[in-house]
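What follows is a single structure, written as structure tokens, with notes after it.
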Amino acid sequence: MKFLIMKFFTQKLKSSTDFYSQIALILAIVLLANLIFALAPWRFDITEARVYSVSQVTKKTLKDLDDIVTIKAYFTKDLPGYLITVRQQVKDILAEYKNYGAGKIIIKFLNPNASPELEQEAKGLGLPPLQFNIVKKDKFEVAQGYLGIAVLYGEKIETIPVVQNISDLEYNLTAAIKKVITGKEFTIGILQKENILMDSRQLDILRQVLSQQYQVEILDLASQELISDNINTLIIPGPKGDFSQRELYIIDQYIMSGRGVLAAVDGVNVEEGLIASPNESNIFDLLKSYGATVNKDLIFDPISRAQASFSQGFMTFFLPYGFWPKVLNEGFNQESVLVNKLESLFLPWVSSIDLAKTDGNQVLAQTSPKSQLVKENFDLNPQGLPSAIGDGNYATVASINSKLKSFFDAAVGGGESLAETSSKNRLAEVDRARLIVISDADLISGDFIQRYEDNLIFLQNIVDGLTLDESLAAIRSKTVTERPISELDDTARSLVKYGNIVGVPALVVIFAAVRFVWRRKSQRM
């Protein structure tokens with residue numbers, strides 16, 4: 001008996017020792033694996049869009065560097081818990097920049113709070129100190145820190161004042177490197193003319209967004225002066241009514257200079273109370289001469305459409321609105337890096353565009369095959385069904401990159417001297433125009449930029465393509481902001497609905513019946 005008891009405890013002790021040995025071995029393997037991956041420069045990005053890896057655009061930019069670029073990251077060491085991961089992610093991405101820079105990228109990760117000299121250096125580069133809430137000794141305290149990056153190339157400096165997430169870090173870094181290398185300041189000009197172009201207050205958000213990357217200037221078209229050479233891209237926001245011949249000439253000569261132009265033009269004006277009328281403006285004649293005809297109709301899509309809010313008395317209700325068609329991924333031009341990564345685009349009260357079939361011209365976005373056209377009697381009642389014609393894809397965003405001739409046969413005088421407006425100084429043609437036409441001015445207004453994030457990304461891509469480099473759009477579009485569910489017609493929706501209500505229970509009953517019959521047969525056997 002004593003022998004059996006001793007044998008039992010010996011076996012227990014041995015099994016416990018084996019168990020703890022196995023635990024210790026597993027822990028050792030885990031620690032060793034963490035040590036190897038911490039020291040080795042290996043990173044595995046299994047996200048679909050490769051969000052945590054640098055893109056081919058960045059790799060090519062770094063490979064083509066002909067001199068050293070220094071990137072200084074000023075990050076406070078003791079950050080609040082929710083920002084610690086951002087600090088590490090920034091370190092990882094900067095390590096990739098250094099790796100692909102092949103000796104041309106120098107990375108310095110600095111803690112401005114470590115010394116007054118470093119803090120003064122960060123401030124001198126234009127990086128602002130930030131206020132953080134931290135917990136010390138069970139109390140909330142306010143601390144000062146930095147989360148900024150400076151890119152230096154000779155005497156050229158570009159900064160990213162605050163890095164709070166990495167969703168747009170690669171874009172900002174690569175764009176900053178391109179800007180310091182070229183040594184140019186890029187300026188976006190927004191045309192303004194009272195009662196003719198969109199009010200500047202509706203463009204405040206667009207200006208704020210563009211100001212993060214470019215200089216933005218408001219240009220008074222009524223001044224009658226030609227647009228200066230420092231304007232790299234021109235935005236024509238929502239023209240209504242006729243321009244003078246001199247004003248059209250100013251726009252025409254800018255287009256003939258080969259610089260970028262974004263024209264957002266409504267084919268139909270929609271006023272308060274959903275009152276719609278054709279837009280009467282001679283800007284259409286100018287655009288038509290370049291090959292883009294903005295039609296005076298509205299696109300209605302009964303399937304692919306956005307949710308809109310409407311007020312009736314004291315009540316506000318939401319419903320799918322066919323006059324706000326939604327362009328899904330398959331509606332974007334898959335050969336254009338400006339739009340081929342986008343998932344959706346919302347177009348309120350948009351018109352169709354007829355684009356001349358010329359080399360260099362291409363449709364960037366079009367509505368779904370189920371969309372229709374409303375050409376007259378614009379009944380925009382959200383609960384009604386308009387009298388629409390035709391089913392098909394209709395172009396809403398068009399790019400013109402072909403050879404163009406000037407709209408004018410001779411110079412048109414105005415604010416400039418006679419010598420400057422003579423036919424001799426007139427630009428008669430351009431070998432490759434850079435004009436993008438959107439048949440929806442509401443798209444660039446503040447309300448719709450705030451409401452739909454994909455619209456903002458679309459506009460940023462377009463402006464980048466006209467100003468800097470189309471390839472940068474591929475970086476910004478890596479992060480998908482929406483995964484829309486494919487729209488179904490009424491028949492398909494009914495099949496899905498009743499398939500779930502009746503079909504699933506029926507399958508359970510059929511399975512139970514088959515199993516019951518099989519068990520009875522097995523018992524008899």
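Ordering of the structure tokens sets the chain letters (A, B, ...); residue numbers start at 1 within each chain; ligands are numbered from 1 in the order shown.
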I'd like the neighbourhood of region 456-462 of chain A as a list of chain:residue names, where a residue qualifies if any of its atoms comes within 9 Å (using only C-alpha atoms), though same-chain residues fewer than 5 positions away should be ignored. A:Leu206, A:Val209, A:Leu210, A:Leu262, A:Val337, A:Leu338, A:Val339, A:Leu342, A:Leu345, A:Ile436, A:Leu443, A:Ile444, A:Phe448, A:Ile449, A:Gln450, A:Thr467, A:Glu470, A:Leu472, A:Ala473, A:Ala474, A:Arg476, A:Ser477
Create the file for the chosen residues now, containing N, CA and C atoms and written as a compact mmCIF listing (two decimals), in the first residue's frame.
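In the end it all went to again24.txt:
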# COMPACT_ATOMS: atom_id res chain seq x y z
N LEU A 206 -13.29 73.65 -48.68
CA LEU A 206 -12.38 73.26 -49.76
C LEU A 206 -11.06 74.01 -49.64
N VAL A 209 -8.98 72.57 -46.72
CA VAL A 209 -8.38 71.28 -47.05
C VAL A 209 -7.19 71.46 -47.98
N LEU A 210 -7.34 72.27 -49.02
CA LEU A 210 -6.26 72.47 -49.98
C LEU A 210 -5.10 73.23 -49.35
N LEU A 262 -9.75 72.80 -63.16
CA LEU A 262 -10.89 72.01 -62.71
C LEU A 262 -12.13 72.88 -62.82
N VAL A 337 -5.23 56.41 -62.39
CA VAL A 337 -4.84 56.30 -60.97
C VAL A 337 -5.56 57.32 -60.11
N LEU A 338 -6.16 58.33 -60.73
CA LEU A 338 -6.88 59.34 -59.95
C LEU A 338 -8.13 58.77 -59.30
N VAL A 339 -8.75 57.77 -59.92
CA VAL A 339 -10.05 57.31 -59.44
C VAL A 339 -10.16 55.79 -59.29
N LEU A 342 -11.02 54.32 -55.82
CA LEU A 342 -12.16 54.85 -55.08
C LEU A 342 -13.30 53.84 -55.06
N LEU A 345 -18.71 57.67 -55.09
CA LEU A 345 -18.75 59.12 -55.27
C LEU A 345 -20.21 59.53 -55.33
N ILE A 436 -10.17 69.17 -66.44
CA ILE A 436 -11.12 68.19 -65.91
C ILE A 436 -12.45 68.89 -65.66
N LEU A 443 -20.81 69.38 -55.68
CA LEU A 443 -19.80 68.45 -55.20
C LEU A 443 -18.68 69.14 -54.43
N ILE A 444 -18.33 70.38 -54.82
CA ILE A 444 -17.21 71.07 -54.18
C ILE A 444 -17.65 72.00 -53.06
N PHE A 448 -21.41 69.16 -48.89
CA PHE A 448 -21.24 67.82 -49.44
C PHE A 448 -19.82 67.29 -49.22
N ILE A 449 -18.84 68.17 -49.05
CA ILE A 449 -17.50 67.71 -48.69
C ILE A 449 -17.52 67.14 -47.28
N GLN A 450 -18.23 67.80 -46.37
CA GLN A 450 -18.32 67.32 -44.99
C GLN A 450 -19.12 66.03 -44.89
N THR A 467 -1.92 69.29 -60.34
CA THR A 467 -0.89 70.18 -59.80
C THR A 467 0.46 69.49 -59.65
N GLU A 470 0.03 62.67 -60.79
CA GLU A 470 -1.13 61.77 -60.71
C GLU A 470 -0.85 60.57 -59.81
N LEU A 472 0.51 60.29 -57.03
CA LEU A 472 0.28 60.50 -55.60
C LEU A 472 -1.13 60.06 -55.19
N ALA A 473 -2.06 60.10 -56.13
CA ALA A 473 -3.43 59.71 -55.83
C ALA A 473 -3.50 58.25 -55.40
N ALA A 474 -2.58 57.42 -55.92
CA ALA A 474 -2.58 56.00 -55.56
C ALA A 474 -2.26 55.81 -54.09
N ARG A 476 -2.96 58.13 -51.53
CA ARG A 476 -4.08 58.57 -50.70
C ARG A 476 -5.25 57.59 -50.75
N SER A 477 -5.43 56.94 -51.89
CA SER A 477 -6.60 56.07 -52.07
C SER A 477 -6.40 54.69 -51.48
Need to verify the contact set: region 350-362 of chain A, 8 Å, only C-alpha atoms, exclusion of same-chain residues closer than 5 positions in sequence. Can you return it as number ranges by chain? A: 266-268, 291-299, 323-325, 394-402, 439-440
Show which residues sit within 10 Å of region 277-288 of chain A, as a PDB file with N, CA, C and O atoms, in the first residue's frame. Count only C-alpha atoms, and ignore same-chain residues fewer than 6 positions away.
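The file below, around_6.pdb, is the result:
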ATOM      1  N   ILE A 196     -21.969  85.411 -60.273  1.00  0.00           N
ATOM      2  CA  ILE A 196     -21.692  84.547 -61.412  1.00  0.00           C
ATOM      3  C   ILE A 196     -21.077  83.220 -60.956  1.00  0.00           C
ATOM      4  O   ILE A 196     -21.491  82.141 -61.402  1.00  0.00           O
ATOM      5  N   PRO A 239     -20.154  78.142 -62.260  1.00  0.00           N
ATOM      6  CA  PRO A 239     -20.563  79.347 -62.992  1.00  0.00           C
ATOM      7  C   PRO A 239     -22.053  79.337 -63.324  1.00  0.00           C
ATOM      8  O   PRO A 239     -22.611  78.325 -63.727  1.00  0.00           O
ATOM      9  N   LYS A 240     -22.690  80.512 -63.167  1.00  0.00           N
ATOM     10  CA  LYS A 240     -24.098  80.720 -63.543  1.00  0.00           C
ATOM     11  C   LYS A 240     -24.195  82.081 -64.199  1.00  0.00           C
ATOM     12  O   LYS A 240     -23.678  83.067 -63.693  1.00  0.00           O
ATOM     13  N   GLY A 241     -24.845  82.146 -65.323  1.00  0.00           N
ATOM     14  CA  GLY A 241     -24.942  83.410 -66.037  1.00  0.00           C
ATOM     15  C   GLY A 241     -23.769  83.603 -66.989  1.00  0.00           C
ATOM     16  O   GLY A 241     -22.847  82.785 -67.041  1.00  0.00           O
ATOM     17  N   ASP A 242     -23.811  84.692 -67.717  1.00  0.00           N
ATOM     18  CA  ASP A 242     -22.822  84.931 -68.776  1.00  0.00           C
ATOM     19  C   ASP A 242     -21.615  85.710 -68.272  1.00  0.00           C
ATOM     20  O   ASP A 242     -21.747  86.639 -67.468  1.00  0.00           O
ATOM     21  N   PHE A 243     -20.449  85.314 -68.783  1.00  0.00           N
ATOM     22  CA  PHE A 243     -19.219  86.063 -68.565  1.00  0.00           C
ATOM     23  C   PHE A 243     -19.054  87.065 -69.715  1.00  0.00           C
ATOM     24  O   PHE A 243     -19.589  86.878 -70.814  1.00  0.00           O
ATOM     25  N   SER A 244     -18.265  88.091 -69.479  1.00  0.00           N
ATOM     26  CA  SER A 244     -17.904  88.983 -70.572  1.00  0.00           C
ATOM     27  C   SER A 244     -16.911  88.263 -71.483  1.00  0.00           C
ATOM     28  O   SER A 244     -16.297  87.270 -71.098  1.00  0.00           O
ATOM     29  N   GLN A 245     -16.752  88.772 -72.691  1.00  0.00           N
ATOM     30  CA  GLN A 245     -15.804  88.171 -73.613  1.00  0.00           C
ATOM     31  C   GLN A 245     -14.384  88.219 -73.061  1.00  0.00           C
ATOM     32  O   GLN A 245     -13.606  87.291 -73.249  1.00  0.00           O
ATOM     33  N   LEU A 248     -14.029  85.363 -70.479  1.00  0.00           N
ATOM     34  CA  LEU A 248     -13.858  84.072 -71.148  1.00  0.00           C
ATOM     35  C   LEU A 248     -12.466  83.963 -71.756  1.00  0.00           C
ATOM     36  O   LEU A 248     -11.853  82.891 -71.759  1.00  0.00           O
ATOM     37  N   TYR A 249     -11.967  85.065 -72.266  1.00  0.00           N
ATOM     38  CA  TYR A 249     -10.625  85.085 -72.857  1.00  0.00           C
ATOM     39  C   TYR A 249      -9.565  84.784 -71.798  1.00  0.00           C
ATOM     40  O   TYR A 249      -8.603  84.059 -72.059  1.00  0.00           O
ATOM     41  N   ILE A 251      -9.942  82.948 -69.089  1.00  0.00           N
ATOM     42  CA  ILE A 251     -10.005  81.507 -68.817  1.00  0.00           C
ATOM     43  C   ILE A 251      -9.385  80.712 -69.968  1.00  0.00           C
ATOM     44  O   ILE A 251      -8.604  79.775 -69.765  1.00  0.00           O
ATOM     45  N   ASP A 252      -9.727  81.096 -71.190  1.00  0.00           N
ATOM     46  CA  ASP A 252      -9.210  80.406 -72.372  1.00  0.00           C
ATOM     47  C   ASP A 252      -7.683  80.460 -72.421  1.00  0.00           C
ATOM     48  O   ASP A 252      -7.024  79.442 -72.675  1.00  0.00           O
ATOM     49  N   ALA A 263     -13.055  72.481 -63.688  1.00  0.00           N
ATOM     50  CA  ALA A 263     -14.306  73.226 -63.886  1.00  0.00           C
ATOM     51  C   ALA A 263     -15.462  72.402 -63.337  1.00  0.00           C
ATOM     52  O   ALA A 263     -15.741  71.308 -63.827  1.00  0.00           O
ATOM     53  N   VAL A 265     -19.307  72.489 -63.076  1.00  0.00           N
ATOM     54  CA  VAL A 265     -20.369  73.238 -63.760  1.00  0.00           C
ATOM     55  C   VAL A 265     -21.690  72.481 -63.653  1.00  0.00           C
ATOM     56  O   VAL A 265     -21.762  71.299 -63.992  1.00  0.00           O
ATOM     57  N   ASP A 266     -22.727  73.163 -63.203  1.00  0.00           N
ATOM     58  CA  ASP A 266     -24.073  72.583 -63.156  1.00  0.00           C
ATOM     59  C   ASP A 266     -24.759  72.754 -64.508  1.00  0.00           C
ATOM     60  O   ASP A 266     -24.811  73.867 -65.048  1.00  0.00           O
ATOM     61  N   GLY A 267     -25.324  71.657 -65.022  1.00  0.00           N
ATOM     62  CA  GLY A 267     -26.145  71.783 -66.217  1.00  0.00           C
ATOM     63  C   GLY A 267     -27.514  72.337 -65.888  1.00  0.00           C
ATOM     64  O   GLY A 267     -28.141  73.020 -66.706  1.00  0.00           O
ATOM     65  N   VAL A 268     -27.987  72.060 -64.660  1.00  0.00           N
ATOM     66  CA  VAL A 268     -29.295  72.530 -64.197  1.00  0.00           C
ATOM     67  C   VAL A 268     -29.118  73.150 -62.814  1.00  0.00           C
ATOM     68  O   VAL A 268     -28.463  72.576 -61.941  1.00  0.00           O
ATOM     69  N   ASN A 269     -29.663  74.330 -62.626  1.00  0.00           N
ATOM     70  CA  ASN A 269     -29.611  74.994 -61.324  1.00  0.00           C
ATOM     71  C   ASN A 269     -30.758  74.498 -60.450  1.00  0.00           C
ATOM     72  O   ASN A 269     -31.905  74.452 -60.897  1.00  0.00           O
ATOM     73  N   VAL A 270     -30.452  74.126 -59.210  1.00  0.00           N
ATOM     74  CA  VAL A 270     -31.467  73.694 -58.247  1.00  0.00           C
ATOM     75  C   VAL A 270     -31.471  74.690 -57.093  1.00  0.00           C
ATOM     76  O   VAL A 270     -30.474  74.830 -56.382  1.00  0.00           O
ATOM     77  N   GLU A 271     -32.596  75.390 -56.937  1.00  0.00           N
ATOM     78  CA  GLU A 271     -32.718  76.404 -55.893  1.00  0.00           C
ATOM     79  C   GLU A 271     -33.490  75.845 -54.701  1.00  0.00           C
ATOM     80  O   GLU A 271     -33.924  74.685 -54.699  1.00  0.00           O
ATOM     81  N   VAL A 294     -21.564  69.807 -71.534  1.00  0.00           N
ATOM     82  CA  VAL A 294     -22.344  69.564 -70.324  1.00  0.00           C
ATOM     83  C   VAL A 294     -23.810  69.781 -70.679  1.00  0.00           C
ATOM     84  O   VAL A 294     -24.224  70.895 -71.016  1.00  0.00           O
ATOM     85  N   ASN A 295     -24.590  68.718 -70.622  1.00  0.00           N
ATOM     86  CA  ASN A 295     -25.996  68.787 -71.038  1.00  0.00           C
ATOM     87  C   ASN A 295     -26.873  69.387 -69.944  1.00  0.00           C
ATOM     88  O   ASN A 295     -26.581  69.255 -68.746  1.00  0.00           O
ATOM     89  N   LYS A 296     -27.970  70.005 -70.375  1.00  0.00           N
ATOM     90  CA  LYS A 296     -28.895  70.628 -69.432  1.00  0.00           C
ATOM     91  C   LYS A 296     -29.985  69.629 -69.064  1.00  0.00           C
ATOM     92  O   LYS A 296     -31.165  69.794 -69.371  1.00  0.00           O
ATOM     93  N   ASP A 297     -29.532  68.568 -68.398  1.00  0.00           N
ATOM     94  CA  ASP A 297     -30.440  67.523 -67.927  1.00  0.00           C
ATOM     95  C   ASP A 297     -30.013  67.106 -66.527  1.00  0.00           C
ATOM     96  O   ASP A 297     -29.025  67.615 -65.988  1.00  0.00           O
ATOM     97  N   LEU A 298     -30.769  66.216 -65.923  1.00  0.00           N
ATOM     98  CA  LEU A 298     -30.424  65.659 -64.622  1.00  0.00           C
ATOM     99  C   LEU A 298     -30.440  64.136 -64.710  1.00  0.00           C
ATOM    100  O   LEU A 298     -31.303  63.558 -65.380  1.00  0.00           O
ATOM    101  N   ASP A 354     -21.237  64.857 -72.648  1.00  0.00           N
ATOM    102  CA  ASP A 354     -20.842  64.236 -73.914  1.00  0.00           C
ATOM    103  C   ASP A 354     -19.397  64.642 -74.193  1.00  0.00           C
ATOM    104  O   ASP A 354     -19.095  65.841 -74.307  1.00  0.00           O
ATOM    105  N   LEU A 355     -18.510  63.667 -74.297  1.00  0.00           N
ATOM    106  CA  LEU A 355     -17.084  63.939 -74.464  1.00  0.00           C
ATOM    107  C   LEU A 355     -16.636  63.558 -75.867  1.00  0.00           C
ATOM    108  O   LEU A 355     -16.925  62.451 -76.352  1.00  0.00           O
ATOM    109  N   ALA A 356     -15.925  64.471 -76.517  1.00  0.00           N
ATOM    110  CA  ALA A 356     -15.406  64.202 -77.855  1.00  0.00           C
ATOM    111  C   ALA A 356     -14.414  63.044 -77.802  1.00  0.00           C
ATOM    112  O   ALA A 356     -13.559  62.979 -76.910  1.00  0.00           O
ATOM    113  N   LYS A 375     -34.921  65.443 -68.852  1.00  0.00           N
ATOM    114  CA  LYS A 375     -34.506  66.566 -69.686  1.00  0.00           C
ATOM    115  C   LYS A 375     -35.411  67.782 -69.580  1.00  0.00           C
ATOM    116  O   LYS A 375     -35.045  68.871 -70.010  1.00  0.00           O
ATOM    117  N   GLU A 376     -36.582  67.623 -69.050  1.00  0.00           N
ATOM    118  CA  GLU A 376     -37.490  68.761 -68.899  1.00  0.00           C
ATOM    119  C   GLU A 376     -38.509  68.419 -67.822  1.00  0.00           C
ATOM    120  O   GLU A 376     -38.568  67.281 -67.334  1.00  0.00           O
ATOM    121  N   ASN A 377     -39.294  69.421 -67.428  1.00  0.00           N
ATOM    122  CA  ASN A 377     -40.272  69.219 -66.344  1.00  0.00           C
ATOM    123  C   ASN A 377     -39.582  68.585 -65.129  1.00  0.00           C
ATOM    124  O   ASN A 377     -39.918  67.491 -64.691  1.00  0.00           O
ATOM    125  N   PHE A 378     -38.616  69.313 -64.596  1.00  0.00           N
ATOM    126  CA  PHE A 378     -37.787  68.782 -63.505  1.00  0.00           C
ATOM    127  C   PHE A 378     -38.585  68.726 -62.200  1.00  0.00           C
ATOM    128  O   PHE A 378     -38.601  69.681 -61.424  1.00  0.00           O
ATOM    129  N   SER A 406      -7.452  77.593 -79.338  1.00  0.00           N
ATOM    130  CA  SER A 406      -8.090  78.649 -78.560  1.00  0.00           C
ATOM    131  C   SER A 406      -9.514  78.894 -79.047  1.00  0.00           C
ATOM    132  O   SER A 406      -9.830  78.749 -80.230  1.00  0.00           O
ATOM    133  N   PHE A 407     -10.377  79.272 -78.130  1.00  0.00           N
ATOM    134  CA  PHE A 407     -11.766  79.602 -78.444  1.00  0.00           C
ATOM    135  C   PHE A 407     -11.849  80.919 -79.224  1.00  0.00           C
ATOM    136  O   PHE A 407     -12.835  81.188 -79.903  1.00  0.00           O
ATOM    137  N   PHE A 408     -10.804  81.722 -79.131  1.00  0.00           N
ATOM    138  CA  PHE A 408     -10.804  83.059 -79.728  1.00  0.00           C
ATOM    139  C   PHE A 408      -9.844  83.120 -80.920  1.00  0.00           C
ATOM    140  O   PHE A 408      -8.728  82.609 -80.863  1.00  0.00           O
ATOM    141  N   LEU A 435      -7.410  69.686 -68.497  1.00  0.00           N
ATOM    142  CA  LEU A 435      -8.726  70.191 -68.087  1.00  0.00           C
ATOM    143  C   LEU A 435      -9.596  69.032 -67.620  1.00  0.00           C
ATOM    144  O   LEU A 435      -9.720  68.020 -68.309  1.00  0.00           O
ATOM    145  N   VAL A 437     -13.509  68.330 -66.210  1.00  0.00           N
ATOM    146  CA  VAL A 437     -14.852  68.913 -66.101  1.00  0.00           C
ATOM    147  C   VAL A 437     -15.727  67.989 -65.259  1.00  0.00           C
ATOM    148  O   VAL A 437     -15.819  66.780 -65.539  1.00  0.00           O
TER     149      VAL A 437
END
Figure out the distance between CA of Arg207 (chain A) and CA of Arg246 (chain A), please, to one decimal in Å. 26.4 Å
Who sits within 9 Å of region 219-228 of chain A, only C-alpha atoms, same chain under 5 positions skipped, as a ChimeraX atom specification: /A:189-194,246-247,249-251,253-254,413-416
Report the residues of region 174-358 of chain A whose backbone DSSP state falls under helix (DSSP H, G or I), written as number ranges by chain. A: 174-182, 200-211, 221-223, 245-256, 283-290, 329-331
